[in-house]
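Asker: Here's a structure for you.
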Amino acid sequence: MHADISRITFRPDRHYSAVIAQQGRVQLDADANEQAAIQLAQARSTAADLIGQHGGPRGATGFALGFVGGGRELDDLTIGGGRYYVDGILLDANRPLPGVPVVDDGHDAHSAEEGDSDTPAEAQQPATWTYWDQPDGHRDPERPGDRLPTEFPYLACLKVWERSVTAAEDPLLREVALGSAMPDTAARLKVVWQVLPLAGSQLELEDGATKDQVRAAFAKWAAAQAPTARMAARSERPEHADEDPCLVRPDARYRGQENQMYRVEIHDGGAAKDATFKWSRENGSVTFPVDELDGTWVELASLGSDAKLDLNVGDLVEFVDTAYTSRGEPLPLLRVEEVDLPGRRVRLSGEPDPSVGRRPGLHPFLRRWDHRSGASRHTSGSGRTKQGASKLRNGAIRIEEGGWLPLEDGVLVYFEQGRTYRSGDFWSVPARTATGSVEWPTDAARRPLLQAPAGIQVHYAPLAWVLGEGSVADLRMTFGPLADVVPAADEEALAAEASAEAEAAAAETAAAAGSGTQTAGQDDEEQPEN
């Protein structure tokens with residue numbers, strides 16, 4: 001998550017069930033965040049254990065898909081309202097109802113009667129979402145890759161993940177009473193769901209495949225989407241450390257003067273030869289909301305609160321908005337070429353891509369990254385020192401596997417060889433001045449351990465097998481409520497009652513049998529002698 005946090009302390013392998021606050025102690029963001037993470041993990045694990053990998057409640061199962069042939073227009077899918085769970089994560093497919101404005105003067109009434117284009121009308125909004133207007137899809141009809149396949153069959157699936165949202169993207173999170181000079185407060189974690197098509201050819205199914213076969217093939221495909229990248233981090237006393245012995249402890253491996261939360265994030269994914277990464281010493285939380293874009297000049301709401309969190313010539317920035325983040329398709333980073341302090345403007349090395357930053361409703365902003373292009377030194381896996389340079393591609397650093405790559409101030413990272421990478425995946429590396437080192441898991445010999453990315457966790461679920469117009473095979477799962485009618489008495493009382501009834505029935509049977517025997521005997525006695 002791109003948030004101004006000190007570190008991430010949630011470790012599932014420790015099996016903590018709660019965070020216990022102690023009196024007289026400093027309260028840290030990491031403690032509160034860990035408590036939220038513990039509760040989320042427990043709730044989602046319980047839901048997944050009871051529901052399975054995916055499913056919806058009977059009678060309110062969301063994401064029922066309907067195919068709408070486009071004719072001369074583009075094909076579309078309707079997305080039915082309701083709820084659905086994927087790996088225990090709750091998804092809500094209901095479309096919010098439009099608000100009802102107050103009409104309190106003649107002008108407003110006249111505008112509504114005349115059908116003013118600025119006045120929303122409830123009839124104009126469909127009751128459900130569609131493929132093209134789903135809230136976090138941000139599909140573009142002008143992009144051929146966003147259009148639904150024209151070749152049948154294809155599978156429509158859910159892609160689910162989470163991302164952080166700050167006041168730069170959602171201004172309502174900011175408490176305006178604190179004033180514009182104060183920073184924002186807490187961030188939010190948002191569940192993102194997207195209905196996306198998957199070509200049937202990618203599932204390698206034969207004609208006439210059953211629903212179970214389609215589900216099994218999709219599960220195999222989804223498992224193959226997970227990246228295999230692993231990274232390690234450590235700190236090492238730089239060779240130039242003797243040049244500034246008074247700034248930090250002489251023996252400190254981490255040479256920074258402040259505690260930092262380094263974030264190493266994959267920019268371009270793929271194999272190592274194509275992949276790049278970027279890093280931030282502030283967990284990628286330094287952002288600047290955009291007021292206006294004019295070519296390469298960008299007018300910002302603020303240039304930063306201090307020298308540590310501002311923009312300077314040479315800084316690399318990522319032009320971001322809600323659609324860009326939701327699509328997860330990286331664009332080149334841009335360099336700050338000029339800063340206009342009085343006008344709160346910066347000139348970038350290039351004009352931002354037309355797909356980002358043009359719509360104010362998507363809340364565009366710049367995100368600062370802290371790497372630079374220039375000379376660097378890295379150490380091979382055998383411990384030998386190599387001389388090289390930070391090689392940038394589209395503003396991000398090329399990944400070099402099998403060697404220690406320096407970030408700054410003695411912080412180094414290592415990417416395991418032969419792995420694949422996914423855009424947006426990240427690792428967090430806290431660095432502390434008190435220890436002069438970074439916090440990273442090690443073995444008994446204090447060797448750094450390779451770790452999978454801390455995020456992004458992506459989840460998939462099949463929704464429908466689209467065979468053609470008017471023919472959609474539903475692949476969703478459903479479950480009923482666990483509750484049942486309360487019995488008249490408890491089980492023990494019912495068992496006792498049944499036992500008593502059985503004993504009474506047995507007694508009646510025995511009595512009837514005895515009476516029959518006695519009558520037969522009497523009849524024999526009454527028979528006359530020959």
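In the structure tokens, the first chain shown is A, the next is B, and so on; residue numbers restart at 1 for each chain, and ligands run from 1 in the order shown.
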Would you list, as a PyMOL selection string, the residues of range 46-247 of chain A that end up in strand (DSSP E or B) under DSSP run on this structure's backbone?
Answerer: chain A and resi 54-57+61+65-68+76-79+83-86+89-92+129-130+154-165+188-199+231-235
Asker: Which residues are near range 125-141 of chain A? Cut-off 12 Å, only C-alpha atoms, ignore same chain within fewer than 6 positions. Put them as an MDAnalysis selection string.
Answerer: chainID A and resid 62:68 73:82 92:99 147:148 156:163 190:197 321:329 355:356 362
Asker: Rounded to one decimal, what separation in Å do you get between CA of Ala232 in chain A and CA of Asp29 in chain A?
Answerer: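 Those two atoms sit 24.6 Å apart.
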Asker: Env of Leu334 in chain A: 10 Å cut, atoms = only C-alpha atoms, seq-sep filter 2 positions within chain, self excluded. Answer as JSON, numbers by chain.
Answerer: {"A": [296, 314, 315, 316, 317, 318, 319, 331, 332, 336, 337, 347, 348, 349, 350, 351, 352, 366, 368, 394, 395, 396]}
Asker: Okay, now the selection with N, CA, C and O atoms, as a PDB file, in the first residue's frame?
Answerer:
ATOM      1  N   THR A 296       3.613  19.900 -21.097  1.00  0.00           N
ATOM      2  CA  THR A 296       4.553  19.315 -20.142  1.00  0.00           C
ATOM      3  C   THR A 296       4.529  20.044 -18.799  1.00  0.00           C
ATOM      4  O   THR A 296       5.192  19.623 -17.853  1.00  0.00           O
ATOM      5  N   GLY A 314      15.253  16.975 -11.415  1.00  0.00           N
ATOM      6  CA  GLY A 314      15.888  15.667 -11.456  1.00  0.00           C
ATOM      7  C   GLY A 314      15.078  14.560 -10.828  1.00  0.00           C
ATOM      8  O   GLY A 314      15.367  13.373 -11.054  1.00  0.00           O
ATOM      9  N   ASP A 315      14.062  14.906 -10.031  1.00  0.00           N
ATOM     10  CA  ASP A 315      13.207  13.874  -9.432  1.00  0.00           C
ATOM     11  C   ASP A 315      12.423  13.149 -10.522  1.00  0.00           C
ATOM     12  O   ASP A 315      11.999  13.753 -11.517  1.00  0.00           O
ATOM     13  N   LEU A 316      12.192  11.855 -10.300  1.00  0.00           N
ATOM     14  CA  LEU A 316      11.368  11.052 -11.202  1.00  0.00           C
ATOM     15  C   LEU A 316       9.976  10.912 -10.611  1.00  0.00           C
ATOM     16  O   LEU A 316       9.824  10.618  -9.415  1.00  0.00           O
ATOM     17  N   VAL A 317       8.959  11.134 -11.430  1.00  0.00           N
ATOM     18  CA  VAL A 317       7.581  11.082 -10.964  1.00  0.00           C
ATOM     19  C   VAL A 317       6.756  10.188 -11.865  1.00  0.00           C
ATOM     20  O   VAL A 317       7.075   9.978 -13.042  1.00  0.00           O
ATOM     21  N   GLU A 318       5.679   9.670 -11.299  1.00  0.00           N
ATOM     22  CA  GLU A 318       4.706   8.849 -12.017  1.00  0.00           C
ATOM     23  C   GLU A 318       3.388   9.610 -12.044  1.00  0.00           C
ATOM     24  O   GLU A 318       2.882  10.020 -11.004  1.00  0.00           O
ATOM     25  N   PHE A 319       2.862   9.839 -13.251  1.00  0.00           N
ATOM     26  CA  PHE A 319       1.588  10.538 -13.399  1.00  0.00           C
ATOM     27  C   PHE A 319       0.476   9.512 -13.198  1.00  0.00           C
ATOM     28  O   PHE A 319       0.367   8.546 -13.959  1.00  0.00           O
ATOM     29  N   LEU A 331       3.091   3.198 -17.226  1.00  0.00           N
ATOM     30  CA  LEU A 331       3.543   4.131 -18.251  1.00  0.00           C
ATOM     31  C   LEU A 331       4.913   4.657 -17.852  1.00  0.00           C
ATOM     32  O   LEU A 331       5.312   4.570 -16.692  1.00  0.00           O
ATOM     33  N   PRO A 332       5.675   5.215 -18.793  1.00  0.00           N
ATOM     34  CA  PRO A 332       7.026   5.699 -18.470  1.00  0.00           C
ATOM     35  C   PRO A 332       7.007   6.754 -17.354  1.00  0.00           C
ATOM     36  O   PRO A 332       6.117   7.610 -17.309  1.00  0.00           O
ATOM     37  N   VAL A 336      11.445  15.610 -13.550  1.00  0.00           N
ATOM     38  CA  VAL A 336      11.170  17.023 -13.319  1.00  0.00           C
ATOM     39  C   VAL A 336      12.318  17.839 -13.896  1.00  0.00           C
ATOM     40  O   VAL A 336      13.473  17.698 -13.474  1.00  0.00           O
ATOM     41  N   GLU A 337      12.012  18.681 -14.874  1.00  0.00           N
ATOM     42  CA  GLU A 337      13.031  19.485 -15.546  1.00  0.00           C
ATOM     43  C   GLU A 337      13.111  20.904 -14.996  1.00  0.00           C
ATOM     44  O   GLU A 337      14.168  21.553 -15.084  1.00  0.00           O
ATOM     45  N   ARG A 347       7.762  21.499 -14.723  1.00  0.00           N
ATOM     46  CA  ARG A 347       7.819  21.093 -16.131  1.00  0.00           C
ATOM     47  C   ARG A 347       8.449  19.710 -16.196  1.00  0.00           C
ATOM     48  O   ARG A 347       9.526  19.477 -15.644  1.00  0.00           O
ATOM     49  N   LEU A 348       7.764  18.804 -16.872  1.00  0.00           N
ATOM     50  CA  LEU A 348       8.211  17.427 -16.959  1.00  0.00           C
ATOM     51  C   LEU A 348       8.996  17.182 -18.234  1.00  0.00           C
ATOM     52  O   LEU A 348       8.944  17.969 -19.183  1.00  0.00           O
ATOM     53  N   SER A 349       9.717  16.067 -18.278  1.00  0.00           N
ATOM     54  CA  SER A 349      10.555  15.737 -19.429  1.00  0.00           C
ATOM     55  C   SER A 349       9.751  15.336 -20.645  1.00  0.00           C
ATOM     56  O   SER A 349      10.285  15.266 -21.756  1.00  0.00           O
ATOM     57  N   GLY A 350       8.491  15.089 -20.482  1.00  0.00           N
ATOM     58  CA  GLY A 350       7.624  14.727 -21.602  1.00  0.00           C
ATOM     59  C   GLY A 350       6.176  14.951 -21.224  1.00  0.00           C
ATOM     60  O   GLY A 350       5.827  15.065 -20.042  1.00  0.00           O
ATOM     61  N   GLU A 351       5.323  15.001 -22.237  1.00  0.00           N
ATOM     62  CA  GLU A 351       3.896  15.172 -21.975  1.00  0.00           C
ATOM     63  C   GLU A 351       3.305  13.849 -21.504  1.00  0.00           C
ATOM     64  O   GLU A 351       3.561  12.794 -22.104  1.00  0.00           O
ATOM     65  N   PRO A 352       2.539  13.853 -20.416  1.00  0.00           N
ATOM     66  CA  PRO A 352       1.940  12.599 -19.929  1.00  0.00           C
ATOM     67  C   PRO A 352       1.083  11.928 -20.993  1.00  0.00           C
ATOM     68  O   PRO A 352       0.544  12.576 -21.893  1.00  0.00           O
ATOM     69  N   LEU A 366       0.798  13.402  -8.974  1.00  0.00           N
ATOM     70  CA  LEU A 366       2.149  12.917  -9.235  1.00  0.00           C
ATOM     71  C   LEU A 366       2.627  12.130  -8.021  1.00  0.00           C
ATOM     72  O   LEU A 366       2.432  12.552  -6.883  1.00  0.00           O
ATOM     73  N   ARG A 368       6.099  10.705  -6.374  1.00  0.00           N
ATOM     74  CA  ARG A 368       7.548  10.822  -6.479  1.00  0.00           C
ATOM     75  C   ARG A 368       8.236   9.505  -6.150  1.00  0.00           C
ATOM     76  O   ARG A 368       7.886   8.823  -5.194  1.00  0.00           O
ATOM     77  N   ASN A 394      12.531   3.598 -19.513  1.00  0.00           N
ATOM     78  CA  ASN A 394      11.278   4.321 -19.260  1.00  0.00           C
ATOM     79  C   ASN A 394      11.244   4.895 -17.843  1.00  0.00           C
ATOM     80  O   ASN A 394      10.191   4.954 -17.201  1.00  0.00           O
ATOM     81  N   GLY A 395      12.415   5.311 -17.366  1.00  0.00           N
ATOM     82  CA  GLY A 395      12.499   5.945 -16.068  1.00  0.00           C
ATOM     83  C   GLY A 395      12.654   5.014 -14.893  1.00  0.00           C
ATOM     84  O   GLY A 395      12.872   5.477 -13.764  1.00  0.00           O
ATOM     85  N   ALA A 396      12.553   3.704 -15.093  1.00  0.00           N
ATOM     86  CA  ALA A 396      12.687   2.724 -14.010  1.00  0.00           C
ATOM     87  C   ALA A 396      14.000   1.956 -14.182  1.00  0.00           C
ATOM     88  O   ALA A 396      14.604   1.950 -15.260  1.00  0.00           O
TER      89      ALA A 396
END
Asker: Just the residues within 10 Å of Leu467 in chain A, please, counting only C-alpha atoms, with nothing from its chain fewer than 6 positions along; format it as a list in words.
Answerer: Phe67, Glu151, Phe152, Pro153, Tyr154, Leu155, Gly200 and Ala473 of chain A
Asker: Show me, as an MDAnalysis selection string, the residues that have an atom within 12 Å of Glu292 in chain A when counting only C-alpha atoms, minus same-chain residues fewer than 4 positions from it.
Answerer: chainID A and resid 288 296:301 343:346 357:360 363:366
Asker: What lies within 8 Å of Pro330 in chain A using only C-alpha atoms, ignoring chain neighbours under 5 positions off, as a ChimeraX atom specification?
Answerer: /A:267-268,324,423
Asker: Write out, as a CSV table (one decimal), in the first residue's frame, the residues just selected, with all heavy atoms.
Answerer:
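So result-v3.csv came out as:
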chain,number,residue,atom,x,y,z
A,267,HIS,N,7.9,-2.2,-11.8
A,267,HIS,CA,7.2,-1.2,-12.7
A,267,HIS,C,6.8,-2.0,-13.9
A,267,HIS,O,5.6,-2.2,-14.1
A,267,HIS,CB,8.2,-0.1,-13.1
A,267,HIS,CG,7.5,1.0,-13.8
A,267,HIS,ND1,6.5,1.8,-13.3
A,267,HIS,CD2,7.6,1.4,-15.1
A,267,HIS,CE1,6.1,2.7,-14.2
A,267,HIS,NE2,6.8,2.4,-15.3
A,268,ASP,N,7.7,-2.4,-14.8
A,268,ASP,CA,7.4,-3.3,-15.9
A,268,ASP,C,7.5,-4.7,-15.5
A,268,ASP,O,8.6,-5.1,-15.0
A,268,ASP,CB,8.2,-2.9,-17.1
A,268,ASP,CG,8.0,-1.6,-17.7
A,268,ASP,OD1,6.8,-1.3,-18.1
A,268,ASP,OD2,8.9,-0.7,-17.6
A,324,TYR,N,-5.7,4.8,-14.0
A,324,TYR,CA,-4.4,4.3,-14.3
A,324,TYR,C,-4.0,3.3,-13.2
A,324,TYR,O,-3.5,2.2,-13.5
A,324,TYR,CB,-3.4,5.5,-14.2
A,324,TYR,CG,-1.9,5.1,-14.2
A,324,TYR,CD1,-1.3,4.8,-15.4
A,324,TYR,CD2,-1.2,5.0,-13.1
A,324,TYR,CE1,0.1,4.4,-15.5
A,324,TYR,CE2,0.2,4.6,-13.1
A,324,TYR,CZ,0.8,4.3,-14.3
A,324,TYR,OH,2.1,4.0,-14.3
A,423,SER,N,3.8,-6.3,-12.6
A,423,SER,CA,3.8,-4.9,-12.3
A,423,SER,C,2.9,-4.6,-11.1
A,423,SER,O,1.8,-5.1,-10.9
A,423,SER,CB,3.2,-4.1,-13.5
A,423,SER,OG,3.0,-2.7,-13.2
Asker: What separation in Å, quoted to one decimal, exists between CA of Glu408 in chain A and CA of Tyr254 in chain A?
Answerer: 8.8 Å
